[in-house]
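As stored in structure_11.cif (mmCIF, C-alpha atoms):
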data_protein
#
loop_
_atom_site.label_atom_id
_atom_site.label_comp_id
_atom_site.auth_asym_id
_atom_site.auth_seq_id
_atom_site.Cartn_x
_atom_site.Cartn_y
_atom_site.Cartn_z
CA MET P 169 -202.84 -64.47 122.81
CA LYS P 170 -203.50 -67.79 121.11
CA ARG P 171 -203.19 -68.45 117.38
CA PRO P 172 -204.25 -72.09 116.91
CA LEU P 173 -203.81 -72.10 113.12
CA THR P 174 -200.21 -70.90 113.36
CA SER P 175 -199.47 -73.46 116.05
CA THR P 176 -201.08 -76.32 114.10
CA GLY P 177 -199.48 -75.37 110.77
CA THR P 178 -195.93 -74.90 112.06
CA ILE P 179 -195.92 -78.03 114.23
CA LEU P 180 -197.42 -80.11 111.40
CA CYS P 181 -194.79 -78.91 108.91
CA THR P 182 -191.96 -79.32 111.43
CA VAL P 183 -192.90 -82.99 111.87
CA ILE P 184 -193.34 -83.53 108.11
CA PHE P 185 -190.01 -81.93 107.16
CA SER P 186 -188.21 -83.89 109.89
CA ILE P 187 -189.49 -87.11 108.31
CA LEU P 188 -188.61 -85.91 104.80
CA ILE P 189 -185.07 -85.00 105.87
CA PHE P 190 -184.58 -88.47 107.32
CA GLY P 191 -185.86 -89.99 104.05
CA GLN P 192 -183.57 -87.84 101.93
CA ILE P 193 -180.54 -88.78 104.02
CA LEU P 194 -181.34 -92.46 103.48
CA SER P 195 -181.86 -91.80 99.78
CA CYS P 196 -178.46 -90.10 99.46
CA ILE P 197 -176.77 -93.00 101.25
CA LEU P 198 -178.42 -95.64 99.05
CA LEU P 199 -177.64 -93.75 95.85
CA SER P 200 -174.02 -93.28 96.92
CA VAL P 201 -173.73 -97.02 97.61
CA ALA P 202 -175.29 -97.84 94.23
CA SER P 203 -172.88 -95.46 92.51
CA SER P 204 -169.92 -97.09 94.25
CA VAL P 205 -171.09 -100.58 93.27
CA ILE P 206 -171.49 -99.61 89.63
CA SER P 207 -168.07 -97.93 89.60
CA SER P 208 -166.48 -101.05 91.09
CA GLU P 209 -168.13 -103.31 88.51
CA THR P 210 -167.01 -100.97 85.75
CA SER P 211 -163.40 -101.03 86.90
CA ILE P 212 -163.46 -104.83 87.16
CA GLY P 213 -165.42 -105.73 84.05
CA GLY P 214 -164.36 -102.85 81.91
CA ASN P 215 -167.95 -102.19 80.78
CA SER P 216 -169.37 -98.78 81.52
CA ASP P 217 -173.05 -97.93 81.41
CA ALA P 218 -172.86 -94.15 81.04
CA ALA P 219 -176.64 -93.72 81.12
CA VAL P 220 -177.00 -95.46 84.49
CA VAL P 221 -174.08 -93.57 86.03
CA SER P 222 -175.46 -90.28 84.74
CA LEU P 223 -178.92 -91.06 86.12
CA ILE P 224 -177.60 -91.93 89.56
CA SER P 225 -175.46 -88.80 89.64
CA THR P 226 -178.51 -86.69 88.76
CA LEU P 227 -180.57 -88.37 91.47
CA VAL P 228 -177.85 -87.74 94.03
CA ILE P 229 -177.78 -84.05 93.13
CA LEU P 230 -181.58 -83.81 93.35
CA SER P 231 -181.56 -85.56 96.72
CA VAL P 232 -178.94 -83.18 98.10
CA VAL P 233 -180.82 -80.12 96.82
CA SER P 234 -184.08 -81.46 98.28
CA LEU P 235 -182.34 -82.13 101.58
CA ILE P 236 -181.07 -78.55 101.77
CA ILE P 237 -184.54 -77.17 100.98
CA TYR P 238 -186.18 -79.42 103.60
CA ILE P 239 -183.66 -78.32 106.24
CA ILE P 240 -184.38 -74.65 105.48
CA CYS P 241 -188.13 -75.28 105.74
CA LEU P 242 -187.67 -77.21 108.99
CA VAL P 243 -185.72 -74.33 110.55
CA LEU P 244 -188.28 -71.75 109.37
CA ASN P 245 -191.25 -73.68 110.73
CA ALA P 246 -189.50 -74.48 114.02
CA CYS P 247 -188.65 -70.80 114.52
CA SER P 248 -192.24 -69.80 113.71
CA ILE P 249 -193.84 -72.01 116.37
CA SER P 250 -193.28 -69.42 119.12
CA ALA P 251 -195.34 -66.86 117.15
CA SER P 252 -198.50 -68.85 117.92
CA SER P 253 -198.59 -67.48 121.47
CA ALA P 254 -196.67 -64.23 121.03
CA THR P 255 -197.95 -60.81 122.00
CA PRO P 256 -199.24 -58.60 119.15
CA LYS P 257 -195.95 -56.65 119.13
CA ARG P 258 -193.76 -59.75 118.97
CA TYR P 259 -196.03 -61.29 116.36
CA LYS P 260 -195.67 -58.17 114.23
CA ASN P 261 -191.88 -58.44 114.52
CA LYS P 262 -192.08 -62.04 113.32
CA LYS P 263 -194.34 -61.18 110.38
CA GLY P 264 -191.49 -61.39 107.85
CA LEU P 265 -190.46 -64.80 109.17
CA LEU P 266 -194.04 -66.08 109.01
CA ILE P 267 -194.54 -64.86 105.43
CA THR P 268 -191.23 -66.45 104.37
CA THR P 269 -192.22 -69.73 106.04
CA ALA P 270 -195.63 -69.76 104.37
CA VAL P 271 -194.12 -69.02 100.94
CA PHE P 272 -191.48 -71.75 101.32
CA ASN P 273 -194.12 -74.27 102.40
CA ILE P 274 -196.31 -73.52 99.39
CA LEU P 275 -193.38 -73.56 96.94
CA VAL P 276 -192.21 -76.93 98.30
CA PHE P 277 -195.76 -78.23 97.89
CA LEU P 278 -195.88 -77.10 94.25
CA PHE P 279 -192.43 -78.57 93.53
CA SER P 280 -193.29 -81.90 95.16
CA LEU P 281 -196.63 -82.00 93.37
CA CYS P 282 -194.96 -81.53 89.97
CA VAL P 283 -192.46 -84.29 90.76
CA ASN P 284 -195.27 -86.56 91.92
CA ILE P 285 -197.29 -85.96 88.74
CA PHE P 286 -194.24 -86.65 86.58
CA GLN P 287 -193.59 -89.91 88.43
CA PHE P 288 -197.25 -90.88 88.21
CA VAL P 289 -197.22 -90.39 84.44
CA SER P 290 -193.97 -92.33 84.10
CA TYR P 291 -194.83 -95.19 86.43
CA PHE P 292 -197.26 -95.79 89.29
CA ASN P 293 -195.83 -96.27 92.75
CA PRO P 294 -198.04 -96.94 95.81
CA PHE P 295 -195.84 -94.59 97.83
CA GLN P 296 -197.07 -91.73 95.62
CA ILE P 297 -200.35 -91.78 97.55
CA LEU P 298 -198.49 -91.29 100.84
CA SER P 299 -196.38 -88.60 99.19
CA PHE P 300 -199.52 -86.77 98.08
CA VAL P 301 -200.91 -86.83 101.64
CA VAL P 302 -197.62 -85.36 102.91
CA GLU P 303 -197.78 -82.63 100.26
CA ILE P 304 -201.31 -81.70 101.36
CA GLY P 305 -200.02 -81.37 104.93
CA ILE P 306 -197.30 -78.95 103.79
CA LEU P 307 -199.84 -76.91 101.82
CA LEU P 308 -202.19 -76.72 104.82
CA GLY P 309 -199.31 -75.52 106.97
CA GLY P 310 -198.68 -72.63 104.59
CA ILE P 311 -202.38 -71.77 104.30
CA PHE P 312 -202.84 -71.80 108.09
CA LEU P 313 -200.03 -69.27 108.49
CA ILE P 314 -201.52 -66.97 105.83
CA VAL P 315 -205.01 -67.15 107.36
CA ASP P 316 -203.68 -66.19 110.80
CA LEU P 317 -201.71 -63.31 109.27
CA ILE P 318 -204.88 -62.02 107.64
CA LYS P 319 -206.90 -62.36 110.86
CA GLU P 320 -204.26 -60.68 113.02
CA LYS P 321 -205.63 -57.14 112.59
CA GLN P 322 -209.08 -58.11 113.87
CA ARG P 323 -207.52 -60.22 116.60
CA VAL P 324 -205.44 -57.28 117.84
CA GLU P 325 -208.50 -55.00 117.85
CA ASP P 326 -210.42 -57.54 119.93
CA TYR P 327 -207.46 -57.92 122.26
CA GLN P 328 -207.13 -54.16 122.79
CA GLU P 329 -210.87 -53.87 123.33
CA GLU P 330 -210.67 -56.66 125.88
CA GLN P 331 -207.79 -54.94 127.69
CA VAL P 332 -209.77 -51.71 127.97
CA SER P 333 -213.09 -53.33 128.84
CA PHE P 334 -211.70 -55.53 131.59
CA SER P 335 -209.16 -53.13 133.05
CA PRO P 336 -209.25 -52.93 136.89
CA GLN P 337 -209.65 -49.14 136.60
CA ALA P 338 -212.83 -49.44 134.54
CA PRO P 339 -215.83 -47.87 136.31
CA ALA P 340 -218.21 -50.34 138.00
CA SER P 341 -221.85 -50.64 136.99
CA ASN P 342 -224.76 -52.02 138.98
CA GLU P 343 -226.77 -52.89 135.90
CA ILE P 344 -227.36 -56.62 135.30
CA ASP P 345 -227.43 -56.00 131.55
CA SER P 346 -223.90 -54.64 131.74
CA ILE P 347 -222.67 -57.78 133.52
CA THR P 348 -224.31 -59.99 130.89
CA ALA P 349 -222.83 -57.93 128.06
CA GLU P 350 -219.30 -58.18 129.46
CA LEU P 351 -219.59 -61.91 130.10
CA ASN P 352 -220.90 -62.47 126.56
CA LYS P 353 -218.00 -60.45 125.17
CA LEU P 354 -215.60 -62.52 127.26
CA ASN P 355 -217.12 -65.76 125.95
CA ARG P 356 -216.77 -64.52 122.37
CA LEU P 357 -213.09 -63.72 122.89
CA LYS P 358 -212.51 -67.19 124.29
CA GLU P 359 -214.35 -68.92 121.42
CA ASN P 360 -212.34 -66.93 118.85
CA GLY P 361 -209.09 -68.01 120.47
CA VAL P 362 -208.12 -64.46 121.49
CA ILE P 363 -207.71 -65.44 125.14
CA SER P 364 -206.79 -68.72 126.80
CA ASP P 365 -208.86 -70.63 129.36
CA ALA P 366 -206.69 -69.28 132.18
CA GLU P 367 -207.13 -65.69 130.95
CA TYR P 368 -210.86 -66.29 130.61
CA GLU P 369 -211.20 -67.42 134.23
CA GLN P 370 -209.06 -64.53 135.46
CA LEU P 371 -211.05 -61.89 133.58
CA LYS P 372 -214.35 -63.48 134.56
CA HIS P 373 -213.27 -63.29 138.20
CA LYS P 374 -212.45 -59.58 137.76
CA ILE P 375 -215.89 -58.90 136.29
CA LEU P 376 -217.65 -60.62 139.15
CA LEU P 377 -215.55 -58.74 141.69
CA LYS P 378 -216.46 -55.43 140.05
CA TYR P 379 -220.12 -56.04 140.74
#

Could you render the structure as structure tokens?
Amino acid sequence: MKRPLTSTGTILCTVIFSILIFGQILSCILLSVASSVISSETSIGGNSDAAVVSLISTLVILSVVSLIIYIICLVLNACSISASSATPKRYKNKKGLLITTAVFNILVFLFSLCVNIFQFVSYFNPFQILSFVVEIGILLGGIFLIVDLIKEKQRVEDYQEEQVSFSPQAPASNEIDSITAELNKLNRLKENGVISDAEYEQLKHKILLKY
């Protein structure tokens, strides 16, 4: 059973958080270097700028916290990718994981948006535009997961109906209208993403063999 929204959302967020983790690692390294340089100058010159040191220390802490959050989100989204093609039973077992992933994605979006707005008010940086685009991607990932969770009940009903309708033990009918009705139902399941192209061809072959 295919779930294109879950697949798109989790893969998108996995890529985004991978990039963000790389950026945070670089940020931590640069801030650590800057802190070391300032400490060296202080020990040599004897002048200490407490405000600068305090600011850098705060930024280092924020970068480390952000890095930990991004790693958690990366793991959650990576683990949720397999749910996009899972059976209804396995998908149900992963429901808690999917909800947690969606919540984390949305919370990270809100946090990043607040930081971006604060930075925009303080000073404009062209990279804020790119950051906003990334935040939208994270939000979409969370929304896609929620939408698929909501649609799962109807998807399972269609899947069960399809299993019964196209079972090999189903009684054959010589009516042309019945053939058309089953093929139309099969097309609808394919368009809604309930079955894959391979499943569509297989079930279509079974219908034609029945008649």

Separation of atom CA of P:Gly309 from atom CA of P:Asp365, in Å and rounded to one decimal:
24.8 Å

I'd like the residues picked by the PyMOL selection byres ((chain P and resi 186) around 10) written out as number ranges by chain, using the chain letters and numbers from the file.
P: 181-185, 187-191, 238-239, 241-243

Residues at most 12 Å from stretch 275-283 of chain P, counting only C-alpha atoms, excluding those fewer than 4 positions away in the same chain, as JSON, numbers by chain?
{"P": [181, 184, 185, 188, 230, 233, 234, 235, 236, 237, 238, 239, 240, 241, 242, 268, 269, 270, 271, 287, 288, 289, 290, 291, 296, 297, 299, 300, 301, 302, 303, 304, 305, 306, 307, 308, 309, 310, 311]}

Please write the residues from the selection above to a file, keeping C-alpha atoms, as an mmCIF file, keeping the file's coordinate frame.
data_model
loop_
_atom_site.group_PDB
_atom_site.id
_atom_site.type_symbol
_atom_site.label_atom_id
_atom_site.label_comp_id
_atom_site.auth_asym_id
_atom_site.auth_seq_id
_atom_site.Cartn_x
_atom_site.Cartn_y
_atom_site.Cartn_z
ATOM 1 C CA CYS P 181 -194.790 -78.910 108.910
ATOM 2 C CA ILE P 184 -193.340 -83.530 108.110
ATOM 3 C CA PHE P 185 -190.010 -81.930 107.160
ATOM 4 C CA LEU P 188 -188.610 -85.910 104.800
ATOM 5 C CA LEU P 230 -181.580 -83.810 93.350
ATOM 6 C CA VAL P 233 -180.820 -80.120 96.820
ATOM 7 C CA SER P 234 -184.080 -81.460 98.280
ATOM 8 C CA LEU P 235 -182.340 -82.130 101.580
ATOM 9 C CA ILE P 236 -181.070 -78.550 101.770
ATOM 10 C CA ILE P 237 -184.540 -77.170 100.980
ATOM 11 C CA TYR P 238 -186.180 -79.420 103.600
ATOM 12 C CA ILE P 239 -183.660 -78.320 106.240
ATOM 13 C CA ILE P 240 -184.380 -74.650 105.480
ATOM 14 C CA CYS P 241 -188.130 -75.280 105.740
ATOM 15 C CA LEU P 242 -187.670 -77.210 108.990
ATOM 16 C CA THR P 268 -191.230 -66.450 104.370
ATOM 17 C CA THR P 269 -192.220 -69.730 106.040
ATOM 18 C CA ALA P 270 -195.630 -69.760 104.370
ATOM 19 C CA VAL P 271 -194.120 -69.020 100.940
ATOM 20 C CA GLN P 287 -193.590 -89.910 88.430
ATOM 21 C CA PHE P 288 -197.250 -90.880 88.210
ATOM 22 C CA VAL P 289 -197.220 -90.390 84.440
ATOM 23 C CA SER P 290 -193.970 -92.330 84.100
ATOM 24 C CA TYR P 291 -194.830 -95.190 86.430
ATOM 25 C CA GLN P 296 -197.070 -91.730 95.620
ATOM 26 C CA ILE P 297 -200.350 -91.780 97.550
ATOM 27 C CA SER P 299 -196.380 -88.600 99.190
ATOM 28 C CA PHE P 300 -199.520 -86.770 98.080
ATOM 29 C CA VAL P 301 -200.910 -86.830 101.640
ATOM 30 C CA VAL P 302 -197.620 -85.360 102.910
ATOM 31 C CA GLU P 303 -197.780 -82.630 100.260
ATOM 32 C CA ILE P 304 -201.310 -81.700 101.360
ATOM 33 C CA GLY P 305 -200.020 -81.370 104.930
ATOM 34 C CA ILE P 306 -197.300 -78.950 103.790
ATOM 35 C CA LEU P 307 -199.840 -76.910 101.820
ATOM 36 C CA LEU P 308 -202.190 -76.720 104.820
ATOM 37 C CA GLY P 309 -199.310 -75.520 106.970
ATOM 38 C CA GLY P 310 -198.680 -72.630 104.590
ATOM 39 C CA ILE P 311 -202.380 -71.770 104.300
#

Rank nothing, just name the residue among P:Cys247, P:Val228, P:Ile363, P:Met169 nearest to P:Leu198, using all atoms listed in the file.
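When distances to P:Leu198 are compared using all atoms listed in the file, the smallest one comes from P:Val228.
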
Shortest interatomic distance to P:Ser175 - which of P:Ile206, P:Gly361, P:Gln322, P:Leu194, counting only C-alpha atoms:
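Answer, going by the shortest atom-to-atom distance: P:Gly361.
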
Closest of P:Leu227, P:Ala251, P:Ile347, P:Leu298 to P:Leu377 - atom-to-atom distances counting all atoms listed in the file:
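Among the listed residues, P:Ile347 lies closest to P:Leu377.
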
Might you spell out which residues the PyMOL selection byres ((chain P and resi 248) around 8) would select in the displayed file, as a list in words?
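On the file shown, the PyMOL selection byres ((chain P and resi 248) around 8) covers Thr178, Leu244, Asn245, Ala246, Cys247, Ile249, Ser250, Ala251, Ser252, Lys262, Leu265, Leu266 and Thr269 of chain P.
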
Quote the spacing between atom CA of P:Asn284 and atom CA of P:Ser222 in Å to one decimal place.
21.4 Å

Residues at most 7 Å from P:Val362, counting all atoms listed in the file, excluding those fewer than 4 positions away in the same chain, as an MDAnalysis selection string?
chainID P and resid 169:170 323 327 357:358
